[in-house]
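Shown below: protein18.cif, with mmCIF, C-alpha atoms and all ligand atoms.
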```
data_entry
loop_
_atom_site.label_atom_id
_atom_site.label_comp_id
_atom_site.auth_asym_id
_atom_site.auth_seq_id
_atom_site.Cartn_x
_atom_site.Cartn_y
_atom_site.Cartn_z
CA ALA Q 256 31.79 12.59 -1.58
CA SER Q 257 30.14 13.72 1.63
CA THR Q 258 26.56 12.53 1.13
CA LEU Q 259 25.08 9.12 0.35
CA GLY Q 260 23.55 10.21 -2.95
CA ALA Q 261 26.71 11.89 -4.22
CA ALA Q 262 28.84 8.95 -3.09
CA ALA Q 263 26.61 6.47 -4.91
CA ALA Q 264 26.58 8.66 -8.01
CA GLN Q 265 30.35 8.23 -8.32
CA SER Q 266 29.66 4.72 -9.63
CA GLY Q 267 26.50 5.68 -11.54
CA ARG Q 268 24.16 4.43 -8.84
CA TYR Q 269 21.52 6.15 -6.73
CA PHE Q 270 20.96 6.12 -2.99
CA GLY Q 271 17.35 6.55 -2.01
CA THR Q 272 14.94 6.63 0.89
CA ALA Q 273 11.29 5.98 1.53
CA ILE Q 274 9.43 9.23 2.18
CA SER Q 275 6.18 9.64 4.08
CA SER Q 276 3.93 12.53 3.04
CA SER Q 277 2.92 13.00 6.68
CA ARG Q 278 6.49 14.07 7.50
CA LEU Q 279 7.06 16.60 4.72
CA GLY Q 280 6.34 19.38 7.22
CA ASP Q 281 9.15 18.22 9.54
CA SER Q 282 12.19 20.30 8.60
CA ASN Q 283 14.65 18.06 10.45
CA TYR Q 284 13.37 15.18 8.29
CA THR Q 285 13.27 17.04 4.98
CA THR Q 286 16.69 18.62 5.53
CA ILE Q 287 18.32 15.20 5.92
CA ALA Q 288 16.29 13.63 3.15
CA ASN Q 289 17.08 16.41 0.72
CA ARG Q 290 20.78 16.46 1.57
CA GLU Q 291 21.52 12.75 1.53
CA PHE Q 292 19.32 11.01 -1.03
CA ASN Q 293 18.77 11.28 -4.78
CA MET Q 294 15.98 8.70 -5.18
CA VAL Q 295 12.62 8.64 -3.40
CA THR Q 296 10.00 5.95 -2.86
CA ALA Q 297 6.60 6.84 -1.44
CA GLU Q 298 6.32 4.68 1.67
CA ASN Q 299 2.54 4.24 1.31
CA GLU Q 300 1.13 6.96 -0.92
CA MET Q 301 1.34 5.23 -4.31
CA LYS Q 302 -0.18 1.97 -3.07
CA ILE Q 303 -3.55 0.72 -4.23
CA ASP Q 304 -5.59 1.85 -1.23
CA ALA Q 305 -4.10 5.34 -1.44
CA THR Q 306 -4.42 5.89 -5.20
CA GLU Q 307 -7.79 4.22 -5.90
CA PRO Q 308 -9.78 4.47 -2.66
CA ASN Q 309 -13.03 4.00 -4.57
CA GLN Q 310 -13.17 1.87 -7.68
CA GLY Q 311 -12.44 3.94 -10.75
CA GLN Q 312 -11.83 7.12 -8.71
CA PHE Q 313 -8.15 7.86 -8.49
CA ASN Q 314 -6.59 10.12 -5.87
CA PHE Q 315 -3.00 11.25 -6.28
CA ASN Q 316 -2.95 14.05 -3.69
CA ASN Q 317 -0.40 12.55 -1.31
CA ALA Q 318 1.46 10.68 -4.02
CA ASP Q 319 1.90 13.94 -5.92
CA ARG Q 320 3.06 15.75 -2.76
CA ILE Q 321 5.93 13.28 -2.55
CA TYR Q 322 6.54 13.23 -6.30
CA ASN Q 323 6.65 17.04 -6.48
CA TRP Q 324 8.89 17.37 -3.40
CA ALA Q 325 11.30 14.89 -4.93
CA VAL Q 326 11.42 16.41 -8.40
CA GLN Q 327 11.62 19.98 -7.10
CA ASN Q 328 14.67 18.86 -5.13
CA GLY Q 329 16.32 17.14 -8.08
CA LYS Q 330 15.47 13.58 -7.18
CA GLN Q 331 13.94 10.71 -9.10
CA VAL Q 332 11.04 8.59 -7.86
CA ARG Q 333 10.61 4.80 -7.77
CA GLY Q 334 6.97 3.80 -8.11
CA HIS Q 335 5.67 1.47 -5.37
CA THR Q 336 3.48 -0.52 -5.97
CA LEU Q 337 0.78 -1.46 -8.52
CA ALA Q 338 -0.33 -5.03 -7.76
CA TRP Q 339 -0.10 -6.44 -4.24
CA HIS Q 340 -2.16 -8.65 -1.96
CA SER Q 341 -1.81 -6.11 0.88
CA GLN Q 342 -3.06 -2.54 1.31
CA GLN Q 343 -5.87 -3.17 -1.13
CA PRO Q 344 -8.87 -0.88 -0.67
CA GLY Q 345 -11.98 -2.58 0.69
CA TRP Q 346 -13.70 -2.63 -2.68
CA MET Q 347 -10.81 -4.58 -4.18
CA GLN Q 348 -10.60 -7.01 -1.27
CA SER Q 349 -14.18 -8.00 -1.98
CA LEU Q 350 -13.59 -8.74 -5.68
CA SER Q 351 -12.56 -12.04 -7.22
CA GLY Q 352 -12.23 -13.74 -10.57
CA SER Q 353 -12.49 -11.76 -13.78
CA ALA Q 354 -13.81 -8.66 -11.99
CA LEU Q 355 -10.68 -8.53 -9.83
CA ARG Q 356 -8.43 -9.26 -12.80
CA GLN Q 357 -9.98 -6.36 -14.73
CA ALA Q 358 -9.78 -4.10 -11.67
CA MET Q 359 -6.05 -4.87 -11.40
CA ILE Q 360 -5.57 -3.99 -15.07
CA ASN Q 361 -7.58 -0.77 -14.70
CA HIS Q 362 -5.59 0.18 -11.62
CA ILE Q 363 -2.25 -0.29 -13.35
CA ASN Q 364 -3.46 1.73 -16.33
CA GLY Q 365 -4.85 4.53 -14.17
CA VAL Q 366 -1.79 5.01 -11.99
CA MET Q 367 0.76 4.60 -14.75
CA ALA Q 368 -1.10 7.04 -17.00
CA HIS Q 369 -0.88 9.70 -14.27
CA TYR Q 370 2.90 9.31 -14.05
CA LYS Q 371 3.59 8.37 -17.66
CA GLY Q 372 7.20 9.09 -18.57
CA LYS Q 373 7.99 10.38 -15.08
CA ILE Q 374 8.85 7.24 -13.08
CA PRO Q 375 12.05 5.40 -14.08
CA TYR Q 376 11.28 2.24 -12.09
CA TRP Q 377 7.92 0.79 -11.09
CA ASP Q 378 7.40 -2.04 -8.63
CA VAL Q 379 4.68 -3.60 -10.77
CA VAL Q 380 4.10 -6.66 -8.58
CA ASN Q 381 5.00 -6.87 -4.90
CA GLU Q 382 5.44 -9.92 -2.64
CA ALA Q 383 3.69 -12.54 -4.77
CA PHE Q 384 5.67 -15.53 -3.51
CA ASP Q 385 5.08 -17.77 -0.51
CA ASP Q 386 7.53 -17.35 2.34
CA SER Q 387 8.59 -20.97 2.64
CA ASN Q 388 7.79 -23.29 -0.24
CA GLY Q 389 9.04 -21.42 -3.30
CA GLY Q 390 5.58 -21.26 -4.84
CA ARG Q 391 3.11 -18.47 -5.22
CA ARG Q 392 1.55 -16.79 -2.22
CA ASP Q 393 -2.15 -17.50 -1.92
CA SER Q 394 -4.11 -14.28 -2.42
CA ASN Q 395 -7.18 -12.98 -4.16
CA LEU Q 396 -4.96 -11.97 -7.08
CA GLN Q 397 -3.36 -15.43 -7.29
CA ARG Q 398 -6.80 -17.01 -7.32
CA THR Q 399 -7.61 -15.11 -10.52
CA GLY Q 400 -5.13 -17.42 -12.28
CA ASN Q 401 -1.40 -18.07 -12.26
CA ASP Q 402 -0.90 -15.70 -15.19
CA TRP Q 403 -1.87 -12.64 -13.14
CA ILE Q 404 1.75 -11.55 -12.73
CA GLU Q 405 2.58 -11.62 -16.41
CA VAL Q 406 -0.69 -9.87 -17.22
CA ALA Q 407 0.32 -7.13 -14.77
CA PHE Q 408 3.71 -6.74 -16.46
CA ARG Q 409 2.29 -6.72 -19.99
CA THR Q 410 -0.30 -4.14 -18.93
CA ALA Q 411 2.40 -1.99 -17.36
CA ARG Q 412 4.64 -2.11 -20.42
CA ALA Q 413 1.80 -0.92 -22.63
CA ALA Q 414 0.81 1.80 -20.16
CA ASP Q 415 4.27 3.38 -19.91
CA PRO Q 416 6.88 1.92 -22.26
CA ALA Q 417 9.58 4.18 -20.78
CA ALA Q 418 9.35 2.77 -17.26
CA LYS Q 419 11.52 -0.10 -16.14
CA LEU Q 420 9.25 -2.76 -14.68
CA CYS Q 421 10.29 -4.51 -11.46
CA TYR Q 422 9.23 -7.51 -9.43
CA ASN Q 423 9.79 -6.65 -5.73
CA ASP Q 424 9.94 -9.01 -2.73
CA TYR Q 425 11.49 -9.75 0.67
CA ASN Q 426 13.34 -12.86 1.85
CA ILE Q 427 14.85 -13.40 -1.58
CA ASP Q 428 18.31 -12.47 -0.31
CA ASN Q 429 19.75 -15.87 0.54
CA TRP Q 430 20.50 -17.83 -2.62
CA THR Q 431 19.69 -21.16 -0.91
CA TRP Q 432 16.15 -20.21 0.07
CA ALA Q 433 13.24 -21.78 -1.80
CA LYS Q 434 11.58 -18.37 -2.14
CA THR Q 435 14.67 -16.93 -3.82
CA GLN Q 436 14.72 -19.83 -6.27
CA GLY Q 437 11.00 -19.49 -6.94
CA VAL Q 438 11.35 -15.83 -7.91
CA TYR Q 439 14.51 -16.57 -9.89
CA ASN Q 440 12.71 -19.24 -11.90
CA MET Q 441 9.81 -16.89 -12.61
CA VAL Q 442 12.14 -14.18 -13.91
CA LYS Q 443 14.03 -16.73 -16.00
CA ASP Q 444 10.74 -17.97 -17.46
CA PHE Q 445 9.55 -14.41 -18.16
CA LYS Q 446 12.81 -13.57 -19.96
CA SER Q 447 12.65 -16.74 -22.03
CA ARG Q 448 9.05 -16.10 -23.09
CA GLY Q 449 9.40 -12.35 -23.68
CA VAL Q 450 7.22 -11.26 -20.77
CA PRO Q 451 8.36 -7.68 -20.15
CA ILE Q 452 10.36 -7.51 -16.93
CA ASP Q 453 13.36 -5.22 -16.43
CA CYS Q 454 14.35 -5.45 -12.81
CA VAL Q 455 14.13 -7.31 -9.54
CA GLY Q 456 13.84 -5.39 -6.29
CA LEU Q 457 15.23 -7.10 -3.24
CA GLN Q 458 13.57 -5.33 -0.35
CA GLY Q 459 16.33 -6.06 2.15
CA HIS Q 460 14.53 -6.10 5.49
CA PHE Q 461 17.28 -7.83 7.45
CA ASN Q 462 17.12 -9.09 10.99
CA SER Q 463 20.16 -9.07 13.23
CA GLY Q 464 22.39 -12.09 13.53
CA SER Q 465 22.30 -14.63 10.76
CA ALA Q 466 19.87 -13.02 8.34
CA TYR Q 467 22.58 -11.52 6.13
CA ASN Q 468 24.53 -14.22 4.31
CA SER Q 469 27.63 -13.83 2.19
CA ASN Q 470 25.84 -15.57 -0.67
CA TYR Q 471 23.77 -12.36 -1.07
CA ARG Q 472 26.24 -11.28 -3.75
CA THR Q 473 25.59 -14.55 -5.60
CA THR Q 474 21.88 -13.81 -5.48
CA LEU Q 475 22.33 -10.32 -6.93
CA GLN Q 476 24.70 -11.63 -9.61
CA SER Q 477 22.38 -14.51 -10.50
CA PHE Q 478 19.36 -12.29 -11.04
CA ALA Q 479 21.45 -9.81 -13.02
CA ALA Q 480 22.76 -12.63 -15.21
CA LEU Q 481 19.19 -13.21 -16.37
CA GLY Q 482 19.34 -9.81 -18.05
CA VAL Q 483 17.53 -7.64 -15.48
CA ASP Q 484 18.64 -4.77 -13.27
CA VAL Q 485 18.66 -5.46 -9.57
CA ALA Q 486 18.10 -2.94 -6.79
CA ILE Q 487 17.93 -3.03 -3.02
CA THR Q 488 14.61 -1.33 -2.52
CA GLU Q 489 13.65 -1.20 1.17
CA LEU Q 490 16.85 -1.68 3.14
CA ASP Q 491 16.81 -1.72 6.92
CA VAL Q 492 18.84 -3.84 9.33
CA GLU Q 493 17.70 -4.68 12.83
CA GLY Q 494 20.18 -2.97 15.17
CA ALA Q 495 21.87 -1.28 12.17
CA SER Q 496 25.11 -3.26 12.35
CA SER Q 497 27.79 -1.24 10.55
CA THR Q 498 29.38 -4.42 9.26
CA THR Q 499 26.14 -5.76 7.84
CA TYR Q 500 25.34 -2.45 6.17
CA ALA Q 501 28.82 -2.29 4.62
CA ASN Q 502 28.60 -5.87 3.37
CA ILE Q 503 25.27 -5.19 1.71
CA VAL Q 504 26.53 -2.01 0.03
CA ASN Q 505 29.70 -3.76 -1.13
CA ASP Q 506 27.65 -6.60 -2.59
CA CYS Q 507 25.61 -4.15 -4.65
CA LEU Q 508 28.75 -2.32 -5.75
CA ALA Q 509 30.24 -5.62 -6.93
CA VAL Q 510 27.37 -6.22 -9.35
CA ALA Q 511 27.32 -3.96 -12.41
CA ARG Q 512 23.55 -4.20 -12.78
CA CYS Q 513 22.85 -3.35 -9.14
CA VAL Q 514 21.59 0.12 -9.95
CA GLY Q 515 20.94 1.54 -6.51
CA ILE Q 516 20.01 1.17 -2.89
CA THR Q 517 17.01 2.60 -1.06
CA VAL Q 518 16.72 2.61 2.73
CA TRP Q 519 13.20 2.27 4.13
CA GLY Q 520 13.03 5.57 5.96
CA VAL Q 521 15.23 8.44 7.11
CA ARG Q 522 15.49 8.31 10.94
CA ASP Q 523 14.90 5.38 13.26
CA SER Q 524 11.80 7.17 14.49
CA ASP Q 525 10.40 7.13 10.95
CA SER Q 526 10.80 3.38 10.52
CA TRP Q 527 7.94 0.87 10.30
CA ARG Q 528 10.00 -1.08 12.86
CA SER Q 529 11.38 1.82 14.85
CA SER Q 530 11.97 -0.21 18.03
CA GLN Q 531 14.66 -2.13 16.16
CA THR Q 532 16.55 1.10 15.32
CA PRO Q 533 17.33 -0.20 11.80
CA LEU Q 534 18.17 2.99 9.87
CA LEU Q 535 21.15 5.30 9.27
CA PHE Q 536 20.01 8.30 11.34
CA ASP Q 537 18.82 8.29 14.95
CA GLY Q 538 15.57 9.82 16.06
CA ASN Q 539 17.21 13.23 16.42
CA GLY Q 540 18.59 13.07 12.90
CA ASN Q 541 22.17 12.38 13.95
CA LYS Q 542 24.31 10.16 11.72
CA LYS Q 543 24.79 6.70 13.22
CA ALA Q 544 27.88 4.52 12.89
CA ALA Q 545 26.13 2.63 10.10
CA TYR Q 546 25.83 5.87 8.14
CA THR Q 547 29.60 6.33 8.14
CA SER Q 548 30.07 2.70 7.24
CA VAL Q 549 27.77 3.01 4.23
CA LEU Q 550 29.31 6.30 3.10
CA ASN Q 551 32.82 4.89 3.31
CA ALA Q 552 31.84 1.79 1.35
CA LEU Q 553 30.31 3.95 -1.39
CA ASN Q 554 33.38 6.19 -1.50
CA ASN Q 555 35.76 3.24 -1.69
CA ALA Q 556 34.02 1.71 -4.70
O1 LIG U 1 -2.87 6.36 7.17
C1 LIG U 1 -3.48 5.65 8.23
C2 LIG U 1 -4.04 6.60 9.25
O2 LIG U 1 -5.05 7.36 8.63
C3 LIG U 1 -4.57 5.79 10.42
O3 LIG U 1 -5.03 6.65 11.41
C4 LIG U 1 -3.49 4.91 10.98
C5 LIG U 1 -3.98 4.04 12.12
O4 LIG U 1 -3.32 2.82 12.17
O5 LIG U 1 -3.03 4.06 9.97
C6 LIG U 1 -2.47 4.76 8.87
O6 LIG U 1 -2.05 3.85 7.91
C7 LIG U 1 -0.91 3.12 8.22
C8 LIG U 1 0.14 3.39 7.16
O7 LIG U 1 1.27 2.56 7.35
C9 LIG U 1 0.61 4.84 7.17
O8 LIG U 1 1.22 5.13 8.40
C10 LIG U 1 -1.26 1.65 8.22
O9 LIG U 1 -2.11 1.36 9.31
C11 LIG U 1 -0.03 0.79 8.31
O10 LIG U 1 -0.39 -0.56 8.11
C12 LIG U 1 0.93 1.20 7.22
O11 LIG U 1 2.10 0.41 7.34
C13 LIG U 1 2.90 0.37 6.20
C14 LIG U 1 3.02 -1.06 5.72
O12 LIG U 1 3.90 -1.11 4.60
C15 LIG U 1 1.68 -1.63 5.31
O13 LIG U 1 1.81 -2.86 4.70
C16 LIG U 1 4.27 0.92 6.55
O14 LIG U 1 4.16 2.32 6.83
C17 LIG U 1 5.23 0.72 5.39
O15 LIG U 1 6.54 1.02 5.81
C18 LIG U 1 5.21 -0.73 4.95
O16 LIG U 1 6.07 -0.87 3.83
C19 LIG U 1 6.20 -2.19 3.32
C20 LIG U 1 6.40 -2.09 1.82
O17 LIG U 1 5.35 -1.34 1.23
C21 LIG U 1 6.48 -3.47 1.19
N1 LIG U 1 7.51 -4.27 1.84
C22 LIG U 1 7.43 -4.36 3.29
C23 LIG U 1 7.38 -2.97 3.90
C24 LIG U 1 7.39 -3.04 5.43
O18 LIG U 1 6.24 -3.68 5.92
#
```

Have the structure of the file written as structure tokens, please.
Ligand code: G3I
Amino acid sequence: ASTLGAAAAQSGRYFGTAISSSRLGDSNYTTIANREFNMVTAENEMKIDATEPNQGQFNFNNADRIYNWAVQNGKQVRGHTLAWHSQQPGWMQSLSGSALRQAMINHINGVMAHYKGKIPYWDVVNEAFDDSNGGRRDSNLQRTGNDWIEVAFRTARAADPAAKLCYNDYNIDNWTWAKTQGVYNMVKDFKSRGVPIDCVGLQGHFNSGSAYNSNYRTTLQSFAALGVDVAITELDVEGASSTTYANIVNDCLAVARCVGITVWGVRDSDSWRSSQTPLLFDGNGNKKAAYTSVLNALNNA
């Protein structure tokens, strides 16, 4: 196959990208995005500050622009994200305790109702674990009680039973890291107690050098063995090493429940860390060496 999406589809997987509504008028950008990818994540437009700027008043203008562009072009959409310590609107940042807990529940219900039956995967909870000690990240949500994550998942299941519900995080790639083990143990606990969770998203923001480790495949396999799908949800690699990109793709392809890969932007110039040139297309929209490496890996599956 000659595009990333078609190549991934050969093994029943998708290949996606983050899309920014502010770039939908850029034809160089939309031409590449439409040609290469068959899954779309809104880079910012479905987050809490964007969708509920004032408490109880939902705004889906930019989220729907991305959703409609994707669906009109035959793509699916991953929902990102419903409960997160970051990109909270000011009103939510100032809440605590039971008022914040209820606001979280209302937010999940409001956004999921708007997209009910239309979003195959939702990142229900994003980045809830501490970077170093394997425990929970301190946040206003965490301070509402340790059960906030399972409440978010139970709320989400009731709001849209058709959506697969994901926990999404970064730095859970290396199997030996405490953070990886912390998330693994939470998913294991949720599965054992019947808390509804269907997938783990590994963001995949890799730095150059040692950040990618060959035990990544073990991590993907270990999560999958708990009975959840896994996905690489926000892939970018500092310097875009072709070898690192190919290793990551091959690791996903080796795991039956690794359902797809999403890169976190189209061209280097679209990236949240553009100076590190981490993506598959350069700022002019030309295919980089890493693009060919990824395409070949997908075609050789
Ligand atoms: O929309 C406003 C604009 O009105 C304002 O003029 C401008 C001035 O700074 O800011 C604009 O908002 C920015 C937004 O991106 C849209 O461009 C925010 O400041 C900026 O903080 C925001 O950054 C996003 C970041 O999440 C915020 O946490 C990045 O685009 C986005 O790529 C990044 O994505 C996250 C994932 O959601 C979760 N995992 C990590 C990943 C990378 O940080």

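For ligand LIG 1 (chain U), the protein and nucleic acid residues at most 6 Å away, judged by only C-alpha atoms and all ligand atoms, amount to Glu298, Gln342 and Trp527 of chain Q.
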
Please produce an output containing C-alpha atoms for each residue in the selection, written as a compact mmCIF listing (two decimals), in the coordinates of the input.
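Saved to again-v2.txt:
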```txt
# COMPACT_ATOMS: atom_id res chain seq x y z
CA GLU Q 298 6.32 4.68 1.67
CA GLN Q 342 -3.06 -2.54 1.31
CA TRP Q 527 7.94 0.87 10.30
```

Task: Between CA of Ile487 (chain Q) and CA of Ile516 (chain Q), distance in Å (one decimal) - done: 4.7 Å

TODO: Give as number ranges by chain each residue that has an atom at most 6 Å from (16.6, -6.4, 13.7) in the file, counting only C-alpha atoms.
DONE: Q: 462-463, 492-494, 531

Open item on the list: Just the number, please: distance in Å from CA of Ser526 (chain Q) to CA of Ala545 (chain Q), one decimal.
Closed with: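 A separation of 15.4 Å between them.
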
TODO: Choose the residue, out of Q:Gln343, Q:Thr547, Q:Thr488, Q:Asn361, that has the smallest atom-to-atom separation from Met294 (chain Q); count all atoms listed in the file.
DONE: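 Smallest distance to Met294 (chain Q) is found for Q:Thr488.
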
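Residues lying within 10 Å of Arg391 (chain Q), counting only C-alpha atoms and ignoring same-chain neighbours fewer than 6 positions away, are Glu382, Ala383, Phe384, Asp385, Gln397, Asn401, Lys434, Gly437 and Val438 of chain Q.
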
- [ ] Pick out the closest residue to Ser524 (chain Q) from this set: Q:Tyr370, Q:Tyr471, Q:Thr306, Q:Asn283. Count only C-alpha atoms.
- [x]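 When distances to Ser524 (chain Q) are compared using only C-alpha atoms, the smallest one comes from Q:Asn283.
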
- [ ] Kindly give the distance, in Å, that separates CA of Lys373 (chain Q) and CA of Asn323 (chain Q), rounded to a single decimal.
- [x] 11.0 Å

Open item on the list: Please determine, counting all atoms listed in the file, which residue among Q:Ala297, Q:Tyr546, Q:Arg448, Q:Leu508 has the shortest atom-to-atom distance to Gln265 (chain Q).
Closed with: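 Of Q:Ala297, Q:Tyr546, Q:Arg448, Q:Leu508, the one nearest Gln265 (chain Q) is Q:Leu508, counting all atoms listed in the file.
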
Task: Residues near region 344-360 of chain Q, cut-off 6 Å, all atoms listed in the file, skip fewer than 4 positions along chain, as a PyMOL selection string - done: chain Q and resi 304+308+399

Task: Minimum-distance residue to Lys542 (chain Q), chosen among Q:Lys419, Q:Arg522, Q:Lys330, Q:Arg268 (using only C-alpha atoms) - done: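 With only C-alpha atoms as the atom set, the closest residue is Q:Arg522.
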